file work03.cif (mmCIF, C-alpha atoms)
data_protein
loop_
_atom_site.label_atom_id
_atom_site.label_comp_id
_atom_site.auth_asym_id
_atom_site.auth_seq_id
_atom_site.Cartn_x
_atom_site.Cartn_y
_atom_site.Cartn_z
CA MET A 17 71.81 -102.14 115.84
CA GLU A 18 74.02 -105.22 115.66
CA SER A 19 74.49 -107.83 118.34
CA LYS A 20 77.71 -108.30 120.28
CA THR A 21 78.19 -111.58 118.39
CA ILE A 22 78.06 -109.85 115.00
CA GLU A 23 80.40 -107.09 116.22
CA MET A 24 82.90 -109.70 117.45
CA PHE A 25 82.58 -111.69 114.22
CA ARG A 26 83.27 -108.58 112.13
CA GLU A 27 86.27 -107.69 114.28
CA LYS A 28 87.80 -111.16 114.10
CA GLY A 29 86.84 -111.60 110.44
CA SER A 30 88.46 -108.33 109.38
CA LYS A 31 91.85 -109.98 109.84
CA TYR A 32 91.08 -112.36 106.97
CA LYS A 33 90.67 -110.72 103.60
CA ASP A 34 88.94 -113.23 101.34
CA PRO A 35 86.65 -111.89 98.61
CA ARG A 36 84.57 -115.10 98.66
CA PHE A 37 83.15 -114.28 102.09
CA GLU A 38 81.16 -111.33 103.25
CA ILE A 39 79.28 -110.65 106.47
CA LYS A 40 75.74 -109.44 105.88
CA VAL A 41 73.21 -108.55 108.54
CA ALA A 42 69.70 -108.96 107.18
CA ASN A 43 66.34 -110.53 107.87
CA ILE A 44 66.71 -114.15 106.66
CA VAL A 45 63.18 -114.25 105.26
CA LYS A 46 63.60 -110.96 103.33
CA LEU A 47 66.96 -111.55 101.64
CA LYS A 48 65.68 -110.73 98.14
CA ASP A 49 64.48 -107.38 99.50
CA TYR A 50 68.11 -106.71 100.53
CA LYS A 51 69.30 -107.71 97.04
CA ILE A 52 70.83 -110.92 98.40
CA PRO A 53 69.74 -113.78 96.12
CA CYS A 54 69.28 -116.98 98.08
CA TRP A 55 67.87 -120.36 97.08
CA TYR A 56 68.70 -122.13 100.35
CA ILE A 57 68.33 -121.11 103.96
CA VAL A 58 69.19 -123.05 107.09
CA ASN A 59 66.74 -123.27 109.94
CA ALA A 60 67.88 -124.00 113.49
CA SER A 61 64.97 -126.34 114.13
CA ASN A 62 63.59 -128.19 117.10
CA PRO A 63 63.38 -132.01 117.03
CA TYR A 64 59.70 -131.95 116.03
CA PHE A 65 60.07 -129.36 113.21
CA LYS A 66 57.46 -127.21 114.94
CA SER A 67 57.04 -123.50 114.47
CA GLY A 68 57.82 -121.56 117.58
CA GLY A 69 60.40 -119.92 119.69
CA SER A 70 61.19 -116.28 119.29
CA GLY A 71 63.77 -116.22 116.53
CA THR A 72 64.71 -117.57 113.15
CA ASN A 73 62.67 -120.78 113.36
CA LYS A 74 59.45 -118.88 114.01
CA ALA A 75 60.19 -116.34 111.24
CA ILE A 76 60.94 -119.02 108.64
CA HIS A 77 57.78 -120.97 109.48
CA LYS A 78 55.70 -117.78 109.32
CA ALA A 79 57.22 -116.82 105.94
CA CYS A 80 56.27 -120.26 104.53
CA LYS A 81 52.68 -120.24 105.74
CA GLY A 82 50.15 -119.96 102.97
CA ASP A 83 46.68 -121.16 102.14
CA ASN A 84 46.46 -124.80 103.26
CA VAL A 85 50.25 -125.17 103.61
CA SER A 86 52.76 -124.93 106.42
CA LEU A 87 56.44 -125.74 106.64
CA GLU A 88 55.73 -127.79 109.76
CA LYS A 89 53.29 -130.08 107.92
CA LEU A 90 55.51 -130.34 104.84
CA THR A 91 58.50 -131.35 106.95
CA GLN A 92 56.60 -133.78 109.15
CA LYS A 93 55.29 -135.57 106.03
CA LEU A 94 58.87 -136.10 104.85
CA TYR A 95 60.63 -136.98 108.10
CA LYS A 96 59.98 -138.89 111.30
CA THR A 97 60.17 -137.06 114.58
CA PRO A 98 61.99 -136.53 116.79
CA ALA A 99 64.67 -135.46 114.35
CA GLU A 100 68.21 -136.70 114.83
CA VAL A 101 70.54 -134.11 116.34
CA SER A 102 73.15 -132.91 113.82
CA LYS A 103 71.41 -134.33 110.74
CA ALA A 104 70.32 -131.98 107.94
CA TYR A 105 66.72 -132.27 106.74
CA PRO A 106 66.05 -130.45 103.44
CA VAL A 107 62.54 -129.41 102.45
CA ASP A 108 61.93 -128.19 98.93
CA LEU A 109 59.40 -125.38 98.74
CA SER A 110 56.90 -125.57 95.91
CA PRO A 111 55.31 -122.64 94.13
CA GLY A 112 52.46 -121.27 96.23
CA ILE A 113 54.57 -121.08 99.38
CA PRO A 114 55.15 -117.37 100.12
CA LEU A 115 58.87 -117.69 100.95
CA ARG A 116 59.46 -119.23 97.53
CA ASP A 117 57.10 -116.98 95.57
CA GLU A 118 58.17 -113.72 97.19
CA GLN A 119 61.84 -114.34 98.04
CA ASP A 120 62.93 -117.12 95.61
CA VAL A 121 63.97 -119.46 98.44
CA HIS A 122 63.68 -122.98 97.03
CA THR A 123 64.86 -125.08 99.98
CA VAL A 124 64.82 -124.82 103.76
CA ILE A 125 67.45 -127.04 105.38
CA HIS A 126 66.45 -127.88 108.94
CA ILE A 127 69.15 -128.73 111.46
CA VAL A 128 68.75 -129.63 115.12
CA GLY A 129 71.84 -128.69 117.05
CA PRO A 130 72.78 -130.07 120.45
CA ASN A 131 70.95 -128.41 123.35
CA MET A 132 73.67 -127.50 125.85
CA ASN A 133 71.43 -125.48 128.19
CA MET A 134 72.33 -126.32 131.79
CA THR A 135 68.85 -125.50 133.11
CA SER A 136 66.77 -126.98 130.32
CA LYS A 137 64.07 -129.42 131.36
CA ARG A 138 63.75 -130.76 127.82
CA ALA A 139 64.47 -134.43 127.20
CA PHE A 140 67.10 -133.64 124.56
CA SER A 141 69.28 -131.38 126.72
CA LEU A 142 72.88 -132.42 127.28
CA LYS A 143 73.00 -130.20 130.39
CA GLY A 144 76.33 -128.63 129.48
CA ASP A 145 78.10 -131.89 128.58
CA TYR A 146 80.56 -130.39 126.09
CA GLU A 147 82.34 -133.70 125.52
CA LYS A 148 79.13 -134.97 123.91
CA GLY A 149 77.94 -131.63 122.55
CA SER A 150 81.03 -130.37 120.73
CA PRO A 151 81.29 -133.30 118.28
CA LEU A 152 77.53 -133.05 117.64
CA LEU A 153 77.82 -129.34 116.87
CA LYS A 154 80.74 -129.99 114.52
CA LYS A 155 78.72 -132.72 112.78
CA ALA A 156 75.74 -130.35 112.46
CA TYR A 157 77.84 -127.79 110.59
CA GLU A 158 79.40 -130.49 108.41
CA ASP A 159 76.03 -132.02 107.56
CA VAL A 160 74.48 -128.67 106.61
CA LEU A 161 77.46 -127.76 104.42
CA ASN A 162 77.50 -131.20 102.76
CA MET A 163 73.74 -131.02 102.14
CA PHE A 164 74.20 -127.57 100.60
CA LEU A 165 76.99 -128.85 98.32
CA VAL A 166 74.89 -131.79 97.16
CA ARG A 167 71.86 -129.56 96.49
CA VAL A 168 73.89 -126.94 94.60
CA SER A 169 75.62 -129.61 92.53
CA VAL A 170 72.28 -131.13 91.54
CA ASP A 171 70.65 -127.76 90.85
CA LEU A 172 73.57 -126.71 88.65
CA GLY A 173 73.61 -130.04 86.82
CA LEU A 174 77.07 -130.99 88.08
CA GLN A 175 76.00 -134.47 89.21
#
call {"tool": "encode", "arguments": {"input": "work03.cif", "output": "structure tokens"}}
result
Amino acid sequence: MESKTIEMFREKGSKYKDPRFEIKVANIVKLKDYKIPCWYIVNASNPYFKSGGSGTNKAIHKACKGDNVSLEKLTQKLYKTPAEVSKAYPVDLSPGIPLRDEQDVHTVIHIVGPNMNMTSKRAFSLKGDYEKGSPLLKKAYEDVLNMFLVRVSVDLGLQ
């Protein structure tokens, strides 16, 4: 069963026929199982790169956990916390990490988006301030896409 968001996206997207884009609904940590090759995935992270929550972040961290390795520790070795909102933080996965070995994912790109929750008690919440939040969200998308372009260019030997 698909979410209302996916249904709406399909409906709106059906007006634009572009063969370069396709909407797929799949488990992000099982893409190879769905015959969707993927070297990079984006993780909607928290500012401390911790595993948790109930969605994608938790699933990605769980899929990376192996003997004596965790995505949380790998990321925290590379980057200071708290992470900057809207900045992309790539983490290359080495052999031995299950997500790489089993699904061929080579890089997780963490991004911390603006927290717009009106009732959040967290220090990083903008409490619904869309004048501050909208530019940060736009920058988050731009930074992830730019990071992806840089990584793909390097991996393909174009730089």
call {"tool": "resolve_selection", "arguments": {"input": "work03.cif", "expression": "the PyMOL selection byres ((chain A and resi 155-169) around 12)", "output": "ChimeraX atom specification"}}
result
/A:54-61,100-108,122-130,148-154,170-175
call {"tool": "atom_distance", "arguments": {"input": "work03.cif", "atom1": "atom CA of Tyr95 of chain A", "atom2": "atom CA of Gly68 of chain A"}}
result
18.3 Å
call {"tool": "closest_residue", "arguments": {"input": "work03.cif", "among": "A:Val45, A:Ile52, A:Gln92, A:Glu27", "to": "Asn73 of chain A", "atoms": "only C-alpha atoms"}}
result
A:Val45
call {"tool": "resolve_selection", "arguments": {"input": "work03.cif", "expression": "the PyMOL selection byres ((chain A and resi 67) around 12)", "output": "PDB file with C-alpha atoms, in the coordinates of the input"}}
result
ATOM      1  CA  ASN A  59      66.740-123.270 109.940  1.00  0.00           C
ATOM      2  CA  ALA A  60      67.880-124.000 113.490  1.00  0.00           C
ATOM      3  CA  SER A  61      64.970-126.340 114.130  1.00  0.00           C
ATOM      4  CA  ASN A  62      63.590-128.190 117.100  1.00  0.00           C
ATOM      5  CA  PRO A  63      63.380-132.010 117.030  1.00  0.00           C
ATOM      6  CA  TYR A  64      59.700-131.950 116.030  1.00  0.00           C
ATOM      7  CA  PHE A  65      60.070-129.360 113.210  1.00  0.00           C
ATOM      8  CA  LYS A  66      57.460-127.210 114.940  1.00  0.00           C
ATOM      9  CA  GLY A  68      57.820-121.560 117.580  1.00  0.00           C
ATOM     10  CA  GLY A  69      60.400-119.920 119.690  1.00  0.00           C
ATOM     11  CA  SER A  70      61.190-116.280 119.290  1.00  0.00           C
ATOM     12  CA  GLY A  71      63.770-116.220 116.530  1.00  0.00           C
ATOM     13  CA  THR A  72      64.710-117.570 113.150  1.00  0.00           C
ATOM     14  CA  ASN A  73      62.670-120.780 113.360  1.00  0.00           C
ATOM     15  CA  LYS A  74      59.450-118.880 114.010  1.00  0.00           C
ATOM     16  CA  ALA A  75      60.190-116.340 111.240  1.00  0.00           C
ATOM     17  CA  ILE A  76      60.940-119.020 108.640  1.00  0.00           C
ATOM     18  CA  HIS A  77      57.780-120.970 109.480  1.00  0.00           C
ATOM     19  CA  LYS A  78      55.700-117.780 109.320  1.00  0.00           C
ATOM     20  CA  ALA A  79      57.220-116.820 105.940  1.00  0.00           C
ATOM     21  CA  CYS A  80      56.270-120.260 104.530  1.00  0.00           C
ATOM     22  CA  LYS A  81      52.680-120.240 105.740  1.00  0.00           C
ATOM     23  CA  SER A  86      52.760-124.930 106.420  1.00  0.00           C
ATOM     24  CA  LEU A  87      56.440-125.740 106.640  1.00  0.00           C
ATOM     25  CA  GLU A  88      55.730-127.790 109.760  1.00  0.00           C
ATOM     26  CA  LYS A  89      53.290-130.080 107.920  1.00  0.00           C
ATOM     27  CA  LEU A  90      55.510-130.340 104.840  1.00  0.00           C
ATOM     28  CA  THR A  91      58.500-131.350 106.950  1.00  0.00           C
ATOM     29  CA  GLN A  92      56.600-133.780 109.150  1.00  0.00           C
ATOM     30  CA  HIS A 126      66.450-127.880 108.940  1.00  0.00           C
TER      31      HIS A 126
END
call {"tool": "atom_distance", "arguments": {"input": "work03.cif", "atom1": "atom CA of Pro114 of chain A", "atom2": "atom CA of Asn84 of chain A"}}
result
11.9 Å
call {"tool": "atom_distance", "arguments": {"input": "work03.cif", "atom1": "atom CA of Lys46 of chain A", "atom2": "atom CA of Met24 of chain A"}}
result
23.9 Å
call {"tool": "axis_aligned_box", "arguments": {"input": "work03.cif", "around": "segment 167-174 of chain A", "padding_each_side": "6 Å", "output": "AutoDock Vina command-line options"}}
result
--center_x 73.9 --center_y -128.9 --center_z 91.7 --size_x 18.4 --size_y 16.4 --size_z 21.7
call {"tool": "decode", "arguments": {"input": "work03.cif", "residues": "segment 26-148 of chain A", "atoms": "C-alpha atoms", "output": "CSV table (one decimal), in the first residue's frame"}}
result
chain,number,residue,atom,x,y,z
A,26,ARG,CA,2.4,9.9,-9.1
A,27,GLU,CA,-0.7,11.9,-10.1
A,28,LYS,CA,1.2,15.1,-10.5
A,29,GLY,CA,4.2,13.5,-12.1
A,30,SER,CA,2.1,11.7,-14.7
A,31,LYS,CA,1.6,15.0,-16.4
A,32,TYR,CA,5.4,15.1,-17.2
A,33,LYS,CA,6.6,12.4,-19.5
A,34,ASP,CA,10.4,12.3,-19.2
A,35,PRO,CA,12.1,8.9,-19.7
A,36,ARG,CA,15.0,10.0,-17.4
A,37,PHE,CA,12.7,9.9,-14.3
A,38,GLU,CA,10.8,7.1,-12.8
A,39,ILE,CA,8.9,6.8,-9.5
A,40,LYS,CA,9.8,3.6,-7.7
A,41,VAL,CA,8.5,2.5,-4.3
A,42,ALA,CA,10.9,0.2,-2.6
A,43,ASN,CA,12.8,-0.4,0.6
A,44,ILE,CA,15.8,1.9,0.4
A,45,VAL,CA,18.1,-0.7,2.0
A,46,LYS,CA,17.0,-3.5,-0.3
A,47,LEU,CA,17.2,-1.8,-3.7
A,48,LYS,CA,19.4,-4.5,-5.3
A,49,ASP,CA,16.7,-7.0,-4.3
A,50,TYR,CA,14.3,-4.9,-6.4
A,51,LYS,CA,16.7,-4.9,-9.3
A,52,ILE,CA,17.5,-1.2,-8.7
A,53,PRO,CA,21.2,-0.7,-8.8
A,54,CYS,CA,22.3,2.0,-6.4
A,55,TRP,CA,25.7,3.2,-5.3
A,56,TYR,CA,24.5,6.2,-3.3
A,57,ILE,CA,21.6,6.7,-0.9
A,58,VAL,CA,20.6,9.8,1.0
A,59,ASN,CA,19.8,9.6,4.7
A,60,ALA,CA,17.6,12.2,6.4
A,61,SER,CA,19.8,12.3,9.4
A,62,ASN,CA,19.7,14.0,12.8
A,63,PRO,CA,22.4,16.5,13.8
A,64,TYR,CA,24.3,13.9,15.8
A,65,PHE,CA,24.3,11.2,13.0
A,66,LYS,CA,22.7,8.8,15.5
A,67,SER,CA,20.7,5.8,14.7
A,68,GLY,CA,17.1,6.1,15.7
A,69,GLY,CA,13.7,7.3,14.9
A,70,SER,CA,11.2,5.0,13.2
A,71,GLY,CA,12.0,5.4,9.5
A,72,THR,CA,14.7,5.6,6.9
A,73,ASN,CA,17.5,6.8,9.3
A,74,LYS,CA,17.0,3.8,11.6
A,75,ALA,CA,16.8,1.3,8.6
A,76,ILE,CA,20.0,2.7,7.0
A,77,HIS,CA,21.9,2.5,10.3
A,78,LYS,CA,20.7,-1.0,10.9
A,79,ALA,CA,21.6,-2.1,7.4
A,80,CYS,CA,25.2,-0.8,7.9
A,81,LYS,CA,25.7,-2.5,11.3
A,82,GLY,CA,28.3,-5.3,11.2
A,83,ASP,CA,30.9,-6.8,13.4
A,84,ASN,CA,32.7,-3.9,15.2
A,85,VAL,CA,31.3,-1.3,12.8
A,86,SER,CA,28.4,1.1,12.8
A,87,LEU,CA,27.4,4.0,10.5
A,88,GLU,CA,27.1,6.2,13.5
A,89,LYS,CA,30.7,5.7,14.6
A,90,LEU,CA,32.0,6.0,11.0
A,91,THR,CA,30.2,9.3,10.5
A,92,GLN,CA,31.1,10.7,13.9
A,93,LYS,CA,34.8,10.0,13.2
A,94,LEU,CA,34.6,12.0,10.0
A,95,TYR,CA,32.5,14.9,11.1
A,96,LYS,CA,31.9,17.1,14.1
A,97,THR,CA,28.5,17.3,15.7
A,98,PRO,CA,26.1,18.8,15.7
A,99,ALA,CA,25.9,18.7,11.9
A,100,GLU,CA,25.1,21.9,10.0
A,101,VAL,CA,21.5,22.0,8.7
A,102,SER,CA,21.4,21.7,4.9
A,103,LYS,CA,25.0,20.5,4.5
A,104,ALA,CA,25.6,17.1,2.9
A,105,TYR,CA,27.9,14.7,4.7
A,106,PRO,CA,29.1,11.7,2.6
A,107,VAL,CA,30.3,8.5,4.2
A,108,ASP,CA,32.0,5.9,2.0
A,109,LEU,CA,31.2,2.4,3.1
A,110,SER,CA,34.0,-0.1,3.0
A,111,PRO,CA,33.8,-3.8,2.3
A,112,GLY,CA,32.6,-5.6,5.4
A,113,ILE,CA,29.7,-3.3,5.9
A,114,PRO,CA,26.5,-5.3,5.1
A,115,LEU,CA,24.8,-2.5,3.1
A,116,ARG,CA,27.8,-2.4,0.8
A,117,ASP,CA,28.4,-6.2,0.6
A,118,GLU,CA,24.8,-7.2,0.2
A,119,GLN,CA,23.3,-4.2,-1.7
A,120,ASP,CA,26.3,-2.6,-3.5
A,121,VAL,CA,25.7,0.8,-1.8
A,122,HIS,CA,29.1,2.5,-1.7
A,123,THR,CA,28.1,5.9,-0.1
A,124,VAL,CA,25.5,7.1,2.4
A,125,ILE,CA,25.0,10.9,2.1
A,126,HIS,CA,23.7,12.3,5.3
A,127,ILE,CA,21.6,15.5,5.3
A,128,VAL,CA,20.0,17.3,8.2
A,129,GLY,CA,17.0,19.2,7.0
A,130,PRO,CA,15.4,22.1,8.9
A,131,ASN,CA,13.1,21.0,11.7
A,132,MET,CA,9.8,22.9,11.2
A,133,ASN,CA,7.8,21.1,13.9
A,134,MET,CA,5.7,23.6,15.8
A,135,THR,CA,5.6,21.5,19.0
A,136,SER,CA,9.2,20.2,19.0
A,137,LYS,CA,11.2,20.7,22.2
A,138,ARG,CA,14.4,20.1,20.4
A,139,ALA,CA,17.0,22.9,20.3
A,140,PHE,CA,17.2,22.8,16.5
A,141,SER,CA,13.5,23.4,15.8
A,142,LEU,CA,12.5,26.5,13.9
A,143,LYS,CA,9.0,26.2,15.3
A,144,GLY,CA,7.3,26.7,12.0
A,145,ASP,CA,9.4,29.7,10.9
A,146,TYR,CA,9.0,29.1,7.1
A,147,GLU,CA,11.0,32.3,6.3
A,148,LYS,CA,14.0,30.6,7.8
